[in-house]
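J.: The structure is given below, and queries will be raised subsequently.
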Amino acid sequence: MAVEQTPARAGEQTRIHNIGYRNYDGARLGRAYARRSLYSQSLRGAYGLGRSAKSKVLPMLLFVVMCVPAAIMVAVAVATQANDLPTDYTRYAIFLQAVIGLYVASQAPQSVSRDLRFKTVPLYFSRPIETVDYVRAKYAALASALFILTAAPLLVLYVGALLAKLDFADQTKGFAQGLVSVALLSLLFAGIGLVISAVTPRRGFGIAAVIASLTISYGAVSTVQAIAFDQSSTGAVAWLGLFSPITLIDGVQTAFLGASSSFPGGAGPSNGEGVVYLLVVLGLIAGCYGLLMRRYRKVGL
Amino acid sequence: MIATESLSKRFPRVTALDRLSVDVGPGVTGLVGANGAGKSTLIKILLGLSPATEGRAEVLGLDVATKGGAIRERVGYMPEHDCLPPDVSATEFVVHMARMSGLPPTAARERTADTLRHVGLYEERYRPIGGYSTGMKQRVKLAQALVHDPQLVFLDEPTNGLDPVGRDEMLGLIRRIHTDFGISVLVTSHLLGELERTSDHIVVIDGGKLLRSSSTTDFTQTTTTLAIEVTDSDEHPDGTRAVREVLLARGIDTHDGSGLPGAGHILLLTAEGEQTYDLVRDVVADLGLGLVRMEQRRHHISEVFNDTDEARDDQRKEAVGHGG
C-alpha cells in the first residue's frame with residue numbers, strides 16, 4: 001500500500017522544515033501480533049501495570065500475601081534444619097484459596113467488564129483481530145496472571161528447600177506436581193471468573209458474583225461433606241467434591257499428583273473417581289471457553 | 001475506494017439496507033441520512049464485521065465477505081459512541097490501539113505522539129481520559145482511528161455532542177485528514193449542511209436506499225438558497241422592496257422569507273450559479289443601497305428527503321425506530 005501512495009507525496013519531501021504529517025510505511029505485523037499485544041496488555045493490567053497507581057495496590061498486595069507464608073516456612077525450615085518443608089507444594093494453593101479467590105474476583109472483571117462498560121470491545125473488533133483472538137488473549141492473560149500468583153510462592157518454597165539442602169529429587173518432584181496442579185487451577189479459576197464477569201458491564205457486580213460463586217460453592221460442599229463424613233458415608237464425600245472449583249482441584253491432585261486431600265478424614269477420590277474429577281475440570285475449562293466465545297460472537301459494533 | 005453492488009441487509013423485522021449500489025472514490029465523502037437510515041449498518045458491513053444478506057461490497061479493492069482482516073488493517077474506524085476507558089491516559093490508550101492494528105512497539109509510540117499532536121492534544125495526553133472534555137475525547141477517538149496511517153477512515157458522527165466551535169474544529173480536522181494526511185474519509189452525519197462544507201462528494205441514503213450520490217459542487221448548485229439583506233436609503237425608504245422589484249423585472253423570483261427568522265428584512269432567492277451573485281451585487285449597487293449580508297442558506301437534509309416520493313418516506317418511518 002505504501003508504494004501506491006508514494007508518488008502523491010513526493011513533493012512533501014522537498015520541504016526543509018517538514019513538521020507535517022508523516023506517513024507510516026513500516027511493518028504491519030497483523031493479527032497474531034495484535035493478539036499477543038492484547039495478551040500482554042491484559043496480563044500487565046492484571047497486576048495494575050500501565051494503569052493508575054490505585055489499581056496496582058490490590059493485585060500487588062495479594063501477590064505479597066501469597067508469597068509471605070512461603071518465605072516464613074522456608075525461613076523456619078532453614079533455621080530448624082528440618083527434614084521436610086512444613087507443607088506440600090500441592091497443598092499450598094488450597095491453604096491460600098481465599099487469597100486466590102479474591103484475586104480472581106478483583107481482576108477478572110477488571111479484564112473484561114471494563115471493555116464492555118466503556119464499549120472498547122467494538123474498537124478491538126475494528127482491528128485485524130476476531131472474536132476468537134479476543135477470547136483467547138483475555139483467557140490466556142488471566143490464566144497466566146493466576147499462574148504467576150500461585151506458582152511464585154511454590155518457587156520460593158522450592159528455592160528455600162534447596163537452600164536448606166533437602167532431598168533434591170524429592171523436592172523437584174513435589175515442585176513439578178505443584179506446578180501442574182496450580183496450572184490446572186489457574187485455567188479453571190480464570191475461566192469461571194471471566195465467564196461470570198463477561199456477563200455484566202458493572203465491575204462491582206462482577207466482583208461480588210465471582211466471590212459468591214467461589215466461596216458459596218466451597219462453603220456448601222465442605223459443609224455437606226462434613227455432614228456426610230459424620231454419618232460415615234465416605235463414598236459420598238468423594239463425589240460431593242465435584243461441586244466446587246477448589247475441591248475439584250483438590251480431588252485431581254489427590255488422585256494423580258500425590259497430594260494429601262483436605263477432604264474430611266483426608267479421604268480423597270480414588271484413581272477411578274479421579275478420572276471423573278479430571279474430566280469435569282477439563283470439561284469446565286472447555287465449557288468456559290465455549291461460553292466466552294458465544295458471549296462475544298454478538299458483541300460486534 | 002468503496003464499491004457496493006445491490007447490497008442488502010435484512011434483520012427479522014426491518015430492512016436496514018435495500019439493494020444499495022454506490023461507488024465512492026478518494027477524497028472526503030459525506031454519508032448523510034436520518035437516524036436509522038442505515039449508515040452504521042453500512043459501515044459494519046464495510047469493515048467486514050457483519051455479513052450482508054445479499055449483494056457484495058469491496059473496500060480498497062478487497063471483498064468485505066472474505067478479506068475483512070486485511071481491510072481492517074488498512075482502514076480506521078471512529079465509532080459514534082463513547083469507547084474510551086477513563087482510567088488510562090490518551091497516550092497509553094492510543095499506543096495500545098496502534099499495537100492492536102499491528103504496529104511494532106517503537107513505531108506505535110512514535111505514531112501515537114505524532115497523531116495526538118496532529119489532532120490537537122498536547123500536554124493533556126498524559127492525563128487520564130476520564131478528565132477530558134467531550135471535544136478532547138472526540139480527538140482521542142479520532143487519533144486512535146488514524147494512528148496506524150490507514151488508507152481510508154470511517155468516521156461515524158464525529159461532530160456528535162460538540163458545541164459550534166468544536167464542530168467547526170472537527171470539520172476542519174476532517175478536511176485536513178484528506179488534504180494534509182492523504183487519507184480518504186467516509187464521514188457520516190444526519191446534517192447535510194455540515195458535510196457540504198467538508199466533503200468532496202455526498203451520498204444520501206434513506207431507509208437503506210440510495211437517494212442521491214453526487215459531488216458537492218453539483219449539490220450546492222442545485223440546492224443553494226441565497227439570503228440577502230440590504231440597507232434603506234432616502235431614495236428608497238424600503239430598500240428590500242426596491243431590490244425585490246428590480247430583481248423581479250430581471251426575471252428573478254424572490255421570497256420574503258415569511259415564517260423564517262428575520263422575515264421582512266431579508267430576501268430569499270435561488271442562486272443558479274455565479275451570475276446570480278453578480279446580478280444581486282450589481283442591482284444593489286445600482287440602487288445605491290448597502291448590502292448588509294449575502295449568504296448561502298443551504299437546504300436541510302429534510303428538503304432532500306422531500307424530493308422523493310411518498311413511498312420512500314413511509315419506509316423511512318418504519319426504519320427510524322430501529323437505530324442505525
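Identifiers in the C-alpha cells: chain A, B, ... in order shown; residue index from 1 per chain; ligand index from 1 in order shown.
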Find the residues near Val78 of chain A: any atom within 9 Å, counting only C-alpha atoms, skip ones fewer than 4 places away on the same chain, and give them as number ranges by chain.

T.: A: 73-74, 82, 160-161, 163-165

J.: Could you please select, counting only C-alpha atoms, the residues of chain A within 9 Å of chain B and state them as a PyMOL selection string?

T.: chain A and resi 1+5+8-9+20-38+41+50-52+114-115+117-130+300-301

J.: May I have the residues from that selection written out with C-alpha atoms, as an mmCIF file, in the first residue's frame?

T.:
```cif
data_model
loop_
_atom_site.group_PDB
_atom_site.id
_atom_site.type_symbol
_atom_site.label_atom_id
_atom_site.label_comp_id
_atom_site.auth_asym_id
_atom_site.auth_seq_id
_atom_site.Cartn_x
_atom_site.Cartn_y
_atom_site.Cartn_z
ATOM 1 C CA MET A 1 0.000 0.000 0.000
ATOM 2 C CA GLN A 5 0.928 6.376 -2.098
ATOM 3 C CA ALA A 8 1.410 11.721 -4.478
ATOM 4 C CA ARG A 9 3.578 12.766 -1.581
ATOM 5 C CA GLY A 20 3.621 17.985 8.785
ATOM 6 C CA TYR A 21 2.038 14.590 8.641
ATOM 7 C CA ARG A 22 4.365 11.680 8.125
ATOM 8 C CA ASN A 23 3.088 8.516 6.566
ATOM 9 C CA TYR A 24 3.867 5.161 8.032
ATOM 10 C CA ASP A 25 5.316 2.622 5.680
ATOM 11 C CA GLY A 26 6.953 0.323 8.208
ATOM 12 C CA ALA A 27 5.902 -3.173 9.151
ATOM 13 C CA ARG A 28 2.326 -4.145 9.896
ATOM 14 C CA LEU A 29 2.528 -7.278 11.942
ATOM 15 C CA GLY A 30 -1.048 -8.427 11.563
ATOM 16 C CA ARG A 31 -3.499 -10.495 13.518
ATOM 17 C CA ALA A 32 -1.236 -12.802 15.537
ATOM 18 C CA TYR A 33 0.814 -9.831 16.736
ATOM 19 C CA ALA A 34 -2.352 -7.925 17.656
ATOM 20 C CA ARG A 35 -3.499 -10.924 19.700
ATOM 21 C CA ARG A 36 -0.138 -11.066 21.505
ATOM 22 C CA SER A 37 -0.362 -7.324 22.178
ATOM 23 C CA LEU A 38 -3.794 -7.747 23.728
ATOM 24 C CA GLN A 41 -1.611 -5.634 27.831
ATOM 25 C CA GLY A 50 0.141 0.505 32.774
ATOM 26 C CA ARG A 51 -2.813 1.584 34.883
ATOM 27 C CA SER A 52 -3.239 4.040 37.736
ATOM 28 C CA ARG A 114 -14.279 -2.558 31.628
ATOM 29 C CA ASP A 115 -14.115 -3.270 27.911
ATOM 30 C CA ARG A 117 -18.726 -0.954 30.100
ATOM 31 C CA PHE A 118 -16.680 1.593 28.192
ATOM 32 C CA LYS A 119 -17.570 -0.049 24.866
ATOM 33 C CA THR A 120 -13.968 -0.611 23.925
ATOM 34 C CA VAL A 121 -14.815 -4.063 22.554
ATOM 35 C CA PRO A 122 -16.156 -2.728 19.228
ATOM 36 C CA LEU A 123 -12.892 -0.844 18.770
ATOM 37 C CA TYR A 124 -10.922 -4.059 19.134
ATOM 38 C CA PHE A 125 -13.069 -5.724 16.510
ATOM 39 C CA SER A 126 -12.449 -2.846 14.096
ATOM 40 C CA ARG A 127 -8.828 -4.042 14.183
ATOM 41 C CA PRO A 128 -7.495 -7.172 12.452
ATOM 42 C CA ILE A 129 -8.390 -9.451 15.392
ATOM 43 C CA GLU A 130 -11.520 -11.623 15.521
ATOM 44 C CA GLY A 300 -19.699 -6.681 17.491
ATOM 45 C CA LEU A 301 -20.078 -2.994 16.905
#
```

J.: When DSSP works through the backbone of this structure, what residues of segment 91-273 of chain B end up as strand (DSSP E or B), shown as a PyMOL selection string?

T.: chain B and resi 128+152-156+184-189+201-206+209-215+225-230+255+266-270

J.: Keeping only C-alpha atoms, take the residues you just selected and write them out as a JSON list (two decimals), in the first residue's frame.

T.:
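selection-v5.json written:
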```
[["chain", "number", "residue", "atom", "x", "y", "z"],
["B", 128, "PRO", "CA", -6.31, 10.03, 32.40],
["B", 152, "LEU", "CA", -9.31, 5.11, 4.42],
["B", 153, "VAL", "CA", -11.03, 6.10, 7.63],
["B", 154, "PHE", "CA", -14.68, 5.72, 8.64],
["B", 155, "LEU", "CA", -15.88, 8.47, 10.96],
["B", 156, "ASP", "CA", -19.30, 7.79, 12.45],
["B", 184, "SER", "CA", -9.58, 9.24, 2.30],
["B", 185, "VAL", "CA", -12.54, 9.77, 4.60],
["B", 186, "LEU", "CA", -16.06, 8.45, 4.80],
["B", 187, "VAL", "CA", -17.87, 10.62, 7.32],
["B", 188, "THR", "CA", -21.46, 10.19, 8.41],
["B", 189, "SER", "CA", -23.84, 12.78, 9.73],
["B", 201, "HIS", "CA", -18.78, 14.01, -2.54],
["B", 202, "ILE", "CA", -22.09, 13.45, -0.81],
["B", 203, "VAL", "CA", -24.05, 10.22, -0.61],
["B", 204, "VAL", "CA", -27.54, 10.47, 0.79],
["B", 205, "ILE", "CA", -29.24, 7.29, 1.95],
["B", 206, "ASP", "CA", -32.67, 6.90, 3.41],
["B", 209, "LYS", "CA", -31.82, 3.10, -0.21],
["B", 210, "LEU", "CA", -29.60, 5.42, -2.16],
["B", 211, "LEU", "CA", -31.32, 8.77, -2.62],
["B", 212, "ARG", "CA", -28.54, 10.63, -4.22],
["B", 213, "SER", "CA", -24.82, 10.43, -4.88],
["B", 214, "SER", "CA", -23.10, 13.40, -6.39],
["B", 215, "SER", "CA", -20.17, 15.70, -5.95],
["B", 225, "THR", "CA", -30.73, 29.43, -1.49],
["B", 226, "LEU", "CA", -29.30, 32.92, -1.24],
["B", 227, "ALA", "CA", -30.35, 35.20, 1.56],
["B", 228, "ILE", "CA", -29.71, 38.93, 1.09],
["B", 229, "GLU", "CA", -30.29, 41.88, 3.36],
["B", 230, "VAL", "CA", -29.91, 45.49, 2.28],
["B", 255, "HIS", "CA", -39.39, 35.25, -1.44],
["B", 266, "ILE", "CA", -34.31, 39.52, 4.12],
["B", 267, "LEU", "CA", -34.96, 38.27, 0.65],
["B", 268, "LEU", "CA", -34.54, 34.67, -0.37],
["B", 269, "LEU", "CA", -33.80, 33.68, -3.92],
["B", 270, "THR", "CA", -32.47, 30.64, -5.70]]
```

J.: Quick one: residues within 9 Å of Ala151 of chain A, only C-alpha atoms, excluding same-chain residues fewer than 6 positions away - as a list of chain:residue names?

T.: A:Ala93, A:Gly178, A:Leu179, A:Val182, A:Ala183

J.: DSSP says helix (DSSP H, G or I) for which residues of segment 142-198 of chain B? Put them as a PyMOL selection string?

T.: chain B and resi 142-146+164-179+192-198

J.: Need the shell around Ser186 of chain A: protein/DNA/RNA residues with any atom at most 9 Å away, counting only C-alpha atoms. Skip same-chain ones fewer than 3 positions apart. Format as a PyMOL selection string?

T.: chain A and resi 142-147+150+181-183+189-191

J.: Suppose we keep N, CA and C atoms; can you now write the selection as a PDB file, in the first residue's frame?

T.:
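So selection12.pdb came out as:
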```pdb
ATOM      1  N   LEU A 142      -5.447 -13.893  31.849  1.00  0.00           N
ATOM      2  CA  LEU A 142      -5.855 -14.060  33.245  1.00  0.00           C
ATOM      3  C   LEU A 142      -5.309 -15.367  33.811  1.00  0.00           C
ATOM      4  N   ALA A 143      -5.311 -16.428  32.999  1.00  0.00           N
ATOM      5  CA  ALA A 143      -4.755 -17.695  33.466  1.00  0.00           C
ATOM      6  C   ALA A 143      -3.266 -17.533  33.782  1.00  0.00           C
ATOM      7  N   SER A 144      -2.546 -16.788  32.940  1.00  0.00           N
ATOM      8  CA  SER A 144      -1.118 -16.564  33.195  1.00  0.00           C
ATOM      9  C   SER A 144      -0.919 -15.754  34.465  1.00  0.00           C
ATOM     10  N   ALA A 145      -1.750 -14.741  34.648  1.00  0.00           N
ATOM     11  CA  ALA A 145      -1.633 -13.911  35.848  1.00  0.00           C
ATOM     12  C   ALA A 145      -1.851 -14.765  37.100  1.00  0.00           C
ATOM     13  N   LEU A 146      -2.845 -15.650  37.024  1.00  0.00           N
ATOM     14  CA  LEU A 146      -3.122 -16.530  38.165  1.00  0.00           C
ATOM     15  C   LEU A 146      -1.981 -17.517  38.374  1.00  0.00           C
ATOM     16  N   PHE A 147      -1.417 -17.980  37.276  1.00  0.00           N
ATOM     17  CA  PHE A 147      -0.304 -18.926  37.387  1.00  0.00           C
ATOM     18  C   PHE A 147       0.881 -18.251  38.076  1.00  0.00           C
ATOM     19  N   THR A 150       0.124 -18.052  41.751  1.00  0.00           N
ATOM     20  CA  THR A 150       0.139 -19.307  42.502  1.00  0.00           C
ATOM     21  C   THR A 150       1.480 -20.038  42.401  1.00  0.00           C
ATOM     22  N   SER A 181      -0.555 -28.765  39.241  1.00  0.00           N
ATOM     23  CA  SER A 181      -1.794 -28.503  39.970  1.00  0.00           C
ATOM     24  C   SER A 181      -2.212 -27.034  39.859  1.00  0.00           C
ATOM     25  N   VAL A 182      -1.291 -26.085  40.064  1.00  0.00           N
ATOM     26  CA  VAL A 182      -1.684 -24.675  40.013  1.00  0.00           C
ATOM     27  C   VAL A 182      -1.972 -24.243  38.572  1.00  0.00           C
ATOM     28  N   ALA A 183      -1.362 -24.922  37.595  1.00  0.00           N
ATOM     29  CA  ALA A 183      -1.674 -24.593  36.199  1.00  0.00           C
ATOM     30  C   ALA A 183      -3.137 -24.921  35.909  1.00  0.00           C
ATOM     31  N   PHE A 189      -9.990 -21.409  37.364  1.00  0.00           N
ATOM     32  CA  PHE A 189     -10.458 -20.193  38.027  1.00  0.00           C
ATOM     33  C   PHE A 189     -10.580 -19.037  37.036  1.00  0.00           C
ATOM     34  N   ALA A 190      -9.633 -18.933  36.117  1.00  0.00           N
ATOM     35  CA  ALA A 190      -9.691 -17.847  35.134  1.00  0.00           C
ATOM     36  C   ALA A 190     -10.953 -17.988  34.288  1.00  0.00           C
ATOM     37  N   GLY A 191     -11.246 -19.225  33.872  1.00  0.00           N
ATOM     38  CA  GLY A 191     -12.432 -19.457  33.052  1.00  0.00           C
ATOM     39  C   GLY A 191     -13.701 -19.072  33.779  1.00  0.00           C
TER      40      GLY A 191
END
```

J.: What's around Arg10 of chain B at 12 Å? Count only C-alpha atoms, leave out sequence neighbours fewer than 4 positions away in its own chain, and write the answer as a ChimeraX atom specification.

T.: /B:14-19,38,41-42,50-55,207-208,319

J.: Tell me which protein, DNA and RNA residues are within 10 Å of Ala176 of chain A, counting only C-alpha atoms, leaving out same-chain ones fewer than 5 positions away, and put them as an MDAnalysis selection string.

T.: chainID A and resid 89:90 154 158 171 181 257
